[in-house]
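Student: Here you go, coords38.txt (compact mmCIF, C-alpha atoms):
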```
# COMPACT_ATOMS: atom_id res chain seq x y z
CA MET E 1 8.79 -12.57 12.61
CA ASN E 2 9.15 -10.04 15.41
CA ARG E 3 7.52 -7.22 13.54
CA LYS E 4 3.93 -7.17 12.36
CA ILE E 5 2.55 -5.36 9.38
CA LEU E 6 -0.03 -2.72 10.13
CA ILE E 7 -2.20 -1.91 7.16
CA VAL E 8 -3.92 1.36 7.73
CA PHE E 9 -6.89 2.20 5.59
CA LEU E 10 -8.95 5.29 6.42
CA SER E 11 -12.48 6.48 5.81
CA LEU E 12 -14.05 8.03 2.73
CA LEU E 13 -13.16 11.45 1.42
CA PHE E 14 -15.49 13.29 -0.91
CA LEU E 15 -13.84 15.28 -3.65
CA SER E 16 -15.42 17.29 -6.36
CA ALA E 17 -14.05 17.27 -9.87
CA GLY E 18 -15.70 19.28 -12.59
CA ILE E 19 -19.48 18.97 -12.43
CA TYR E 20 -19.61 15.62 -10.62
CA GLU E 21 -18.40 14.26 -7.32
CA VAL E 22 -15.72 11.63 -7.16
CA VAL E 23 -15.80 9.46 -4.08
CA ALA E 24 -12.32 8.63 -2.88
CA GLN E 25 -10.92 7.00 0.18
CA GLN E 26 -7.56 7.20 1.81
CA THR E 27 -5.00 4.56 2.70
CA GLY E 28 -1.36 3.75 3.29
CA THR E 29 0.84 0.97 4.61
CA ARG E 30 3.22 1.28 7.50
CA ILE E 31 5.26 -1.32 9.30
CA GLU E 32 4.48 -1.47 12.99
CA GLY E 33 7.80 -1.01 14.73
CA ALA E 34 9.51 -0.74 18.02
CA ASP E 35 9.71 3.03 18.00
CA SER E 36 6.81 5.03 19.31
CA PHE E 37 7.55 8.23 17.42
CA TYR E 38 4.89 7.36 14.83
CA PRO E 39 2.60 4.96 16.73
CA GLU E 40 -0.32 5.38 14.34
CA THR E 41 0.31 7.40 11.23
CA VAL E 42 -2.60 8.59 9.14
CA VAL E 43 -1.75 8.88 5.48
CA TRP E 44 -4.20 10.52 3.10
CA LEU E 45 -4.24 9.22 -0.46
CA ASP E 46 -7.02 9.50 -3.00
CA GLN E 47 -8.37 6.09 -3.94
CA PRO E 48 -11.60 4.68 -5.38
CA TYR E 49 -14.33 4.16 -2.79
CA GLU E 50 -14.46 0.42 -3.61
CA ILE E 51 -11.20 0.05 -1.70
CA ASP E 52 -13.11 0.92 1.48
CA ALA E 53 -14.65 -2.55 1.68
CA ILE E 54 -11.19 -4.11 1.49
CA ARG E 55 -9.94 -1.75 4.19
CA LEU E 56 -12.81 -2.68 6.48
CA LEU E 57 -12.21 -6.40 6.00
CA LEU E 58 -8.53 -5.99 6.88
CA GLN E 59 -9.43 -3.94 9.96
CA GLU E 60 -11.81 -6.70 11.04
CA GLY E 61 -9.08 -9.32 10.59
CA LYS E 62 -10.86 -10.94 7.65
CA LYS E 63 -7.70 -11.12 5.58
CA GLU E 64 -8.72 -13.94 3.24
CA ARG E 65 -12.00 -12.19 2.45
CA ALA E 66 -10.06 -8.97 1.79
CA VAL E 67 -7.87 -10.84 -0.71
CA GLU E 68 -10.97 -12.26 -2.40
CA LYS E 69 -12.65 -8.85 -2.56
CA ALA E 70 -9.48 -7.21 -3.93
CA ARG E 71 -9.10 -9.95 -6.57
CA ASP E 72 -12.72 -9.45 -7.64
CA TYR E 73 -12.19 -5.70 -7.88
CA VAL E 74 -9.03 -6.02 -9.97
CA GLU E 75 -10.69 -8.61 -12.24
CA SER E 76 -13.68 -6.31 -12.75
CA LEU E 77 -11.32 -3.74 -14.27
CA GLU E 78 -9.46 -6.03 -16.67
CA ASN E 79 -11.29 -4.89 -19.81
CA ALA E 80 -11.93 -1.33 -18.67
CA LEU E 81 -10.29 1.39 -20.73
CA GLY E 82 -9.29 4.97 -20.05
CA VAL E 83 -7.30 6.93 -17.53
CA GLU E 84 -9.78 6.46 -14.69
CA ALA E 85 -9.81 2.67 -15.21
CA LYS E 86 -6.01 2.66 -15.17
CA GLN E 87 -5.99 4.60 -11.90
CA ARG E 88 -8.60 2.31 -10.35
CA ARG E 89 -6.57 -0.72 -11.43
CA TYR E 90 -3.47 0.77 -9.79
CA TYR E 91 -5.28 1.23 -6.48
CA GLY E 92 -6.92 -2.18 -6.76
CA LEU E 93 -3.59 -3.88 -7.39
CA ASN E 94 -2.06 -2.01 -4.46
CA ALA E 95 -4.93 -3.08 -2.18
CA LEU E 96 -4.54 -6.68 -3.36
CA CYS E 97 -0.80 -6.46 -2.67
CA ALA E 98 -1.46 -5.22 0.87
CA ALA E 99 -4.07 -7.93 1.49
CA LEU E 100 -1.77 -10.65 0.13
CA THR E 101 1.06 -9.38 2.32
CA SER E 102 -1.24 -9.63 5.34
CA THR E 103 -2.00 -13.28 4.53
CA GLY E 104 1.65 -14.14 3.92
CA GLU E 105 1.27 -14.72 0.18
CA LEU E 106 4.41 -12.72 -0.39
CA ASN E 107 5.52 -13.80 -3.87
CA GLU E 108 2.10 -13.01 -5.27
CA ALA E 109 2.01 -9.75 -3.29
CA ILE E 110 5.34 -8.70 -4.81
CA ASP E 111 4.15 -9.62 -8.32
CA THR E 112 0.89 -7.74 -7.80
CA CYS E 113 2.64 -4.60 -6.59
CA SER E 114 5.01 -4.86 -9.55
CA GLN E 115 1.97 -4.79 -11.86
CA ALA E 116 0.78 -1.60 -10.16
CA ILE E 117 4.24 -0.07 -10.43
CA ALA E 118 4.29 -0.89 -14.15
CA LEU E 119 1.11 1.18 -14.54
CA TYR E 120 2.52 4.22 -12.69
CA PRO E 121 6.29 3.86 -12.13
CA THR E 122 6.63 7.27 -10.48
CA ARG E 123 3.89 6.88 -7.87
CA TRP E 124 5.15 6.04 -4.43
CA LEU E 125 2.27 4.01 -2.96
CA ALA E 126 2.83 0.66 -4.69
CA LEU E 127 6.59 1.04 -4.24
CA ASN E 128 6.04 1.40 -0.50
CA SER E 129 3.66 -1.58 -0.47
CA ARG E 130 6.08 -3.77 -2.44
CA GLY E 131 8.83 -2.67 -0.07
CA THR E 132 6.69 -3.91 2.80
CA ALA E 133 6.17 -7.27 1.07
CA TYR E 134 9.93 -7.52 0.54
CA TYR E 135 10.51 -6.56 4.18
CA VAL E 136 8.15 -9.25 5.45
CA SER E 137 9.76 -11.83 3.16
CA GLY E 138 13.20 -10.99 4.56
CA GLN E 139 14.49 -9.32 1.39
CA ILE E 140 15.67 -6.22 3.20
CA ASP E 141 17.93 -4.81 0.46
CA LEU E 142 15.04 -4.91 -2.03
CA ALA E 143 12.73 -3.37 0.58
CA LEU E 144 15.16 -0.52 1.14
CA LYS E 145 15.51 0.04 -2.60
CA ASP E 146 11.71 0.33 -2.99
CA TYR E 147 11.29 2.50 0.10
CA ARG E 148 14.00 4.88 -1.07
CA LYS E 149 12.50 5.11 -4.54
CA ALA E 150 9.06 5.72 -2.97
CA LEU E 151 10.58 8.48 -0.85
CA SER E 152 12.08 10.13 -3.92
CA ASN E 153 8.67 9.99 -5.65
CA VAL E 154 6.51 11.32 -2.82
CA GLU E 155 5.24 14.84 -3.41
CA ALA E 156 6.12 16.83 -0.31
CA SER E 157 3.47 15.43 2.00
CA GLU E 158 4.78 15.32 5.54
CA ALA E 159 2.63 12.34 6.59
CA GLU E 160 3.58 10.29 3.53
CA THR E 161 7.26 11.22 3.88
CA ASN E 162 7.21 10.28 7.58
CA LEU E 163 5.58 6.94 6.82
CA ILE E 164 8.21 6.00 4.24
CA GLN E 165 11.07 7.25 6.42
CA HIS E 166 9.71 5.12 9.26
CA ASN E 167 9.75 2.05 7.03
CA ILE E 168 13.30 2.85 5.89
CA ARG E 169 14.48 3.13 9.52
CA LEU E 170 12.94 -0.22 10.40
CA ALA E 171 14.47 -1.92 7.37
CA GLU E 172 17.87 -0.39 8.10
CA ALA E 173 17.66 -1.51 11.71
CA LYS E 174 16.71 -5.03 10.66
CA LYS E 175 19.55 -5.09 8.15
CA SER E 176 22.10 -3.95 10.75
CA ASN E 177 20.82 -6.59 13.21
CA THR E 178 21.27 -9.40 10.68
CA ASN E 179 24.81 -8.39 9.64
```
What would you get if you wrote out this structure as structure tokens?

Tutor:
Amino acid sequence: MNRKILIVFLSLLFLSAGIYEVVAQQTGTRIEGADSFYPETVVWLDQPYEIDAIRLLLQEGKKERAVEKARDYVESLENALGVEAKQRRYYGLNALCAALTSTGELNEAIDTCSQAIALYPTRWLALNSRGTAYYVSGQIDLALKDYRKALSNVEASEAETNLIQHNIRLAEAKKSNTN
């Protein structure tokens, strides 16, 4: 495949909520493309700090270890209850989807992202990640559908909007080149 997937995970962000601090980290996925308008986009998204280890493994090229770490994280949350556990599971599933996409395990990546989407159907992150898995697998129409839905769900963040629009442009270009 001519295009590579760039999985961008960023450093920790400390947020305060109520009387305690919540440690969150930021991430996003973006297809590396031929255009240089967005050569390296930084997308800020609140995520559990445990995702940082997965991000670092992917940055170091240790994709299989990232998949293993993401699986362990998701499994650790299987019996957890409550809103926070649900949110952590969403981010864990999204990280696992991204890691699986990077290793080429695309059917499992798509299934994993679909699980995250089932938890929060109106959040854009897992839709964008599943779109990327579809894109890599050559299912461009499904990728475009997910990217467009992600774009309609994003909440007015310029960086996030630009990232999704970039992915849409690449998918549209690939689709026009194959027709």

Student: Neighbouring residues of range 143-153 of chain E were defined as those with any atom within 10 Å, considering all atoms listed in the file; residues of the same chain fewer than 2 positions away were excluded. Please report them as a PyMOL selection string.

Tutor: chain E and resi 121-141+155-156+160-172+175

Student: Residues at most 9 Å from range 87-91 of chain E, counting only C-alpha atoms, excluding those fewer than 4 positions away in the same chain, as a PyMOL selection string?

Tutor: chain E and resi 47-48+51+73-75+77-78+82-83+95-96+113+115-117+119-120+125-126

Student: Please compute the CA of Leu58 in chain E-CA of Ala99 in chain E distance, one decimal, in Å.

Tutor: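 Computing the Euclidean distance for CA of Leu58 in chain E and CA of Ala99 in chain E yields 7.3 Å.
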
Student: Please, what distance in Å, to one decimal, runs between CA of Thr103 in chain E and CA of Lys174 in chain E?

Tutor: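 Taking CA of Thr103 in chain E as the start and CA of Lys174 in chain E as the end point, the length is 21.3 Å.
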
Student: Mind pulling up the distance from CA of Ser114 in chain E to CA of Gln59 in chain E?

Tutor: 24.3 Å

Student: Rank E:Ala85, E:Ile54, E:Ala80, E:Val67 by their smallest atom-to-atom distance to Ala109 in chain E, using only C-alpha atoms, and report the top residue only.

Tutor: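 Closest residue, counting only C-alpha atoms: E:Val67.
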
Student: Using all atoms listed in the file, find the one residue out of E:Gly92, E:Ala159, E:Ser102, E:Ser76 that sits nearest to Asp52 in chain E.

Tutor: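 Ranked by minimum distance to Asp52 in chain E, first place goes to E:Gly92.
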